[in-house]
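J.: Okay, here's the structure, questions in a sec.
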Protein chains: 2
Amino acid sequence: MPRKYFDQELELLTKRITAMGDVINGRIETTIQALRTGNTELAQQVAAGDNEIDRLEHENEKLCMNLIASQQPIASDLRIIAASLKILTDMEREADQCADICEIITTSGMADSQRLPVSHIVNALEKVHDMFTGSMDVFLSRDIEKAKSICVADDEIDSAFGKIVLEVSSALTQNPKEVMQDVDLLFIIKYVERMGDHATNIAEWVIYMVTGEHPELNDGDDAFKSAD
Amino acid sequence: MPRKYFDQELELLTKRITAMGDVINGRIETTIQALRTGNTELAQQVAAGDNEIDRLEHENEKLCMNLIASQQPIASDLRIIAASLKILTDMEREADQCADICEIITTSGMADSQRLPVSHIVNALEKVHDMFTGSMDVFLSRDIEKAKSICVADDEIDSAFGKIVLEVSSALTQNPKEVMQDVDLLFIIKYVERMGDHATNIAEWVIYMVTGEHPELNDGDDAFKSAD
């Protein structure tokens with residue numbers, strides 16, 4: 001494959017991943033709305049649409065694999081494609097967790113007494129949404145400083161997670177009738193916390209794309225040696 | 001790269017992934033023991049050892065990527081390597097969840113009143129352990145029927161999850177003093193349920209390796225076209 005054609009294919013891959021990011025963004029927005037309003041129809045839409053994301057992930061993985069196989073890529077190309085594969089996995093998990101949250105909303109509903117913790121979860125999910133859109137932005141811009149700031153923002157989500165778990169746990173002892181709904185809320189906030197982790201992972205893979213160093217793996221070497 | 005050398009490299013990859021599976025197996029066993037006995041030292045060992053698994057995952061990913069890049073692989077080779085990459089992700093998540101469970105054991109401990117639900121969680125985790133060792137077996141043997149039986153076994157885990165959540169939830173209202181420990185137990189059983197999902201994913205990727213069809217994706221096509 002001539003270099004020019006390879007670059008075109010790499011650009012196509014970037015576009016496709018960005019388009020998949022837009023779809024997931026829509027899912028997160030609808031999840032926020034469903035959580036805020038308790039609208040089960042909206043929640044059902046998200047829960048039912050998860051297959052589409054799986055299909056997009058699969059298509060983009062194909063593109064990555066064919067791109068690796070079609071020419072002996074140099075180390076920096078291989079690093080971009082390897083990171084793209086990992087990013088696709090984290091993106092798919094973001095959407096998965098939206099579907100998980102929405103499935104709970106559909107089956108469990110929200111009690112009036114849960115309004116306050118739910119509003120706190122919505123706030124946390126809005127921050128996670130910002131982290132995800134930010135991670136997709138840096139995937140395009142390769143802005144390392146912005147990528148690092150996304151990793152730092154995850155500390156806020158972890159701290160919000162701790163606070164909301166405490167809040168819901170204390171409500172649990174006060175409203176024994178709504179125990180199952182409160183337990184569902186605990187699972188929802190856990191999913192939100194995981195969504196923050198996945199957005200962080202994406203930002204970390206962008207850092208790896210550019211620098212060859214992964215903040216978590218931190219072994220300092222360039223993981224993928226040149227094939228030529 | 002001559003075919004013979006490529007086959008040797010593929011065999012090396014299989015051995016390395018199997019060796020990583022053995023390490024993770026050890027982690028699951030220690031997690032079961034820590035959960036059963038409440039031994040925080042054992043739990044700390046697992047929680048502290050997660051970096052090693054990340055390193056193994058990363059090394060094996062390198063091997064996959066270099067193998068794809070080093071020769072234009074035929075479709076069936078590409079499918080094996082692509083599936084191996086996905087399997088590595090699910091394996092790493094298994095170990096991650098062991099670390100998550102063990103971190104809770106370390107920080108929270110178990111109350112005497114929790115012995116019964118904990119024993120039920122241990123039972124579920126033992127089944128998940130069987131599923132994981134089974135999935136590593138089929139990764140070697142490519143036994144499709146056994147792979148399918150692992151996917152079916154996950155229904156038992158999902159059903160156990162539902163029952164244990166109910167059990168812990170009803171305890172929550174009876175022992176308000178131990179509410180935080182019960183909430184931790186809910187997160188632990190959620191992790192066990194996810195571990196069942198990851199073992200299932202591995203079995204599904206083995207089916208894909210052999211047949212070119214993924215039970216979940218179910219699009220019937222051979223995802224990775226030949227590069228030559």
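For the structure tokens, the naming scheme is as follows: chains receive sequential letters (A, B, ...) according to their order of presentation, residues are indexed from 1 within each chain, and ligands are indexed from 1 in presentation order.
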Would you give me, as CSV, each residue of range 188-208 of chain B having an atom within 7 Å of an atom of range 128-137 of chain B, along with its shortest atom pair and that distance in Å to one decimal, using only C-alpha atoms and sorting by chain and residue number?
T.:
residue,atom,partner,partner_atom,distance
B:Met195,CA,B:Val128,CA,6.7
B:Gly196,CA,B:Val128,CA,5.3
B:Ala199,CA,B:Phe132,CA,5.0
B:Ile202,CA,B:Ser135,CA,6.1
B:Ala203,CA,B:Ser135,CA,5.2
J.: Can you pull out the residues contacting range 31-36 of chain A? Cut-off 10 Å, using only C-alpha atoms, and skip same-chain residues under 2 positions away; I want them as a ChimeraX atom specification.
T.: /A:25-29,38-47,95,97-102,104-106,109-110,115,118-119,121-126,129,188
J.: Could you give me, as a ChimeraX atom specification, the residues within 12 Å of Gly162 in chain B, counting only C-alpha atoms and dropping anything in the same chain fewer than 3 positions from it?
T.: /A:180,183-184 /B:120-121,124,155-159,165-169,186,189-190,192-193
J.: Just write the chosen residues, N, CA and C atoms, as a PDB file, in the first residue's frame.
T.:
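In the end it all went to part_13.pdb:
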ATOM      1  N   MET A 180     -34.576  -1.638  47.587  1.00  0.00           N
ATOM      2  CA  MET A 180     -34.140  -2.136  46.279  1.00  0.00           C
ATOM      3  C   MET A 180     -33.832  -0.988  45.321  1.00  0.00           C
ATOM      4  N   VAL A 183     -30.509   0.357  46.295  1.00  0.00           N
ATOM      5  CA  VAL A 183     -29.438  -0.545  45.840  1.00  0.00           C
ATOM      6  C   VAL A 183     -29.186  -0.320  44.349  1.00  0.00           C
ATOM      7  N   ASP A 184     -30.272  -0.150  43.592  1.00  0.00           N
ATOM      8  CA  ASP A 184     -30.115   0.137  42.158  1.00  0.00           C
ATOM      9  C   ASP A 184     -29.335   1.438  41.936  1.00  0.00           C
TER      10      ASP A 184
ATOM     11  N   HIS B 120     -22.202 -17.473  50.034  1.00  0.00           N
ATOM     12  CA  HIS B 120     -22.873 -17.573  48.727  1.00  0.00           C
ATOM     13  C   HIS B 120     -22.049 -16.894  47.630  1.00  0.00           C
ATOM     14  N   ILE B 121     -21.413 -15.780  48.000  1.00  0.00           N
ATOM     15  CA  ILE B 121     -20.555 -15.095  47.016  1.00  0.00           C
ATOM     16  C   ILE B 121     -19.352 -15.984  46.673  1.00  0.00           C
ATOM     17  N   ALA B 124     -20.381 -18.514  44.207  1.00  0.00           N
ATOM     18  CA  ALA B 124     -20.508 -17.938  42.857  1.00  0.00           C
ATOM     19  C   ALA B 124     -19.117 -17.719  42.256  1.00  0.00           C
ATOM     20  N   ASP B 155     -25.445 -17.904  32.847  1.00  0.00           N
ATOM     21  CA  ASP B 155     -26.829 -17.680  33.314  1.00  0.00           C
ATOM     22  C   ASP B 155     -26.950 -17.989  34.799  1.00  0.00           C
ATOM     23  N   GLU B 156     -26.223 -19.043  35.240  1.00  0.00           N
ATOM     24  CA  GLU B 156     -26.242 -19.404  36.670  1.00  0.00           C
ATOM     25  C   GLU B 156     -25.674 -18.270  37.523  1.00  0.00           C
ATOM     26  N   ILE B 157     -24.599 -17.656  37.009  1.00  0.00           N
ATOM     27  CA  ILE B 157     -23.967 -16.557  37.765  1.00  0.00           C
ATOM     28  C   ILE B 157     -24.935 -15.372  37.845  1.00  0.00           C
ATOM     29  N   ASP B 158     -25.594 -15.075  36.721  1.00  0.00           N
ATOM     30  CA  ASP B 158     -26.541 -13.958  36.721  1.00  0.00           C
ATOM     31  C   ASP B 158     -27.673 -14.214  37.713  1.00  0.00           C
ATOM     32  N   SER B 159     -28.103 -15.466  37.764  1.00  0.00           N
ATOM     33  CA  SER B 159     -29.198 -15.801  38.672  1.00  0.00           C
ATOM     34  C   SER B 159     -28.711 -15.727  40.131  1.00  0.00           C
ATOM     35  N   VAL B 165     -27.994 -10.302  45.750  1.00  0.00           N
ATOM     36  CA  VAL B 165     -28.345  -8.880  45.917  1.00  0.00           C
ATOM     37  C   VAL B 165     -29.589  -8.763  46.808  1.00  0.00           C
ATOM     38  N   LEU B 166     -30.580  -9.616  46.558  1.00  0.00           N
ATOM     39  CA  LEU B 166     -31.799  -9.611  47.386  1.00  0.00           C
ATOM     40  C   LEU B 166     -31.464  -9.939  48.841  1.00  0.00           C
ATOM     41  N   GLU B 167     -30.639 -10.956  49.019  1.00  0.00           N
ATOM     42  CA  GLU B 167     -30.257 -11.405  50.362  1.00  0.00           C
ATOM     43  C   GLU B 167     -29.550 -10.277  51.140  1.00  0.00           C
ATOM     44  N   VAL B 168     -28.585  -9.642  50.481  1.00  0.00           N
ATOM     45  CA  VAL B 168     -27.831  -8.573  51.154  1.00  0.00           C
ATOM     46  C   VAL B 168     -28.735  -7.367  51.383  1.00  0.00           C
ATOM     47  N   SER B 169     -29.608  -7.094  50.420  1.00  0.00           N
ATOM     48  CA  SER B 169     -30.501  -5.941  50.560  1.00  0.00           C
ATOM     49  C   SER B 169     -31.430  -6.108  51.748  1.00  0.00           C
ATOM     50  N   LEU B 186     -22.318  -5.650  48.212  1.00  0.00           N
ATOM     51  CA  LEU B 186     -23.050  -5.488  46.945  1.00  0.00           C
ATOM     52  C   LEU B 186     -22.070  -5.219  45.796  1.00  0.00           C
ATOM     53  N   ILE B 189     -20.263  -8.518  44.913  1.00  0.00           N
ATOM     54  CA  ILE B 189     -21.028  -9.474  44.086  1.00  0.00           C
ATOM     55  C   ILE B 189     -21.183  -8.946  42.662  1.00  0.00           C
ATOM     56  N   LYS B 190     -21.237  -7.611  42.522  1.00  0.00           N
ATOM     57  CA  LYS B 190     -21.283  -7.029  41.173  1.00  0.00           C
ATOM     58  C   LYS B 190     -19.993  -7.363  40.407  1.00  0.00           C
ATOM     59  N   VAL B 192     -18.088  -9.953  40.906  1.00  0.00           N
ATOM     60  CA  VAL B 192     -18.111 -11.391  40.579  1.00  0.00           C
ATOM     61  C   VAL B 192     -18.969 -11.624  39.330  1.00  0.00           C
ATOM     62  N   GLU B 193     -20.090 -10.919  39.282  1.00  0.00           N
ATOM     63  CA  GLU B 193     -20.972 -11.075  38.113  1.00  0.00           C
ATOM     64  C   GLU B 193     -20.262 -10.645  36.827  1.00  0.00           C
TER      65      GLU B 193
END
J.: Just give me the gap between CA of Glu59 in chain A and CA of Val138 in chain B in Å, one decimal is fine.
T.: 25.8 Å
J.: So, counting only C-alpha atoms, which residue among B:Ser113, B:Ser84, B:Ser70, B:Thr211 is closest to chain A?
T.: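 Counting only C-alpha atoms, the residue closest to chain A is B:Ser70.
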J.: Please measure the separation of CA of Asp143 in chain A and CA of Leu12 in chain A, giving the value in Å to one decimal.
T.: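 So the answer is 20.0 Å.
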J.: For the atom pair CA of Gly212 in chain A and CA of Ile81 in chain B, what is the interatomic distance in Å to one decimal place?
T.: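 That distance, rounded to one decimal, is 22.1 Å.
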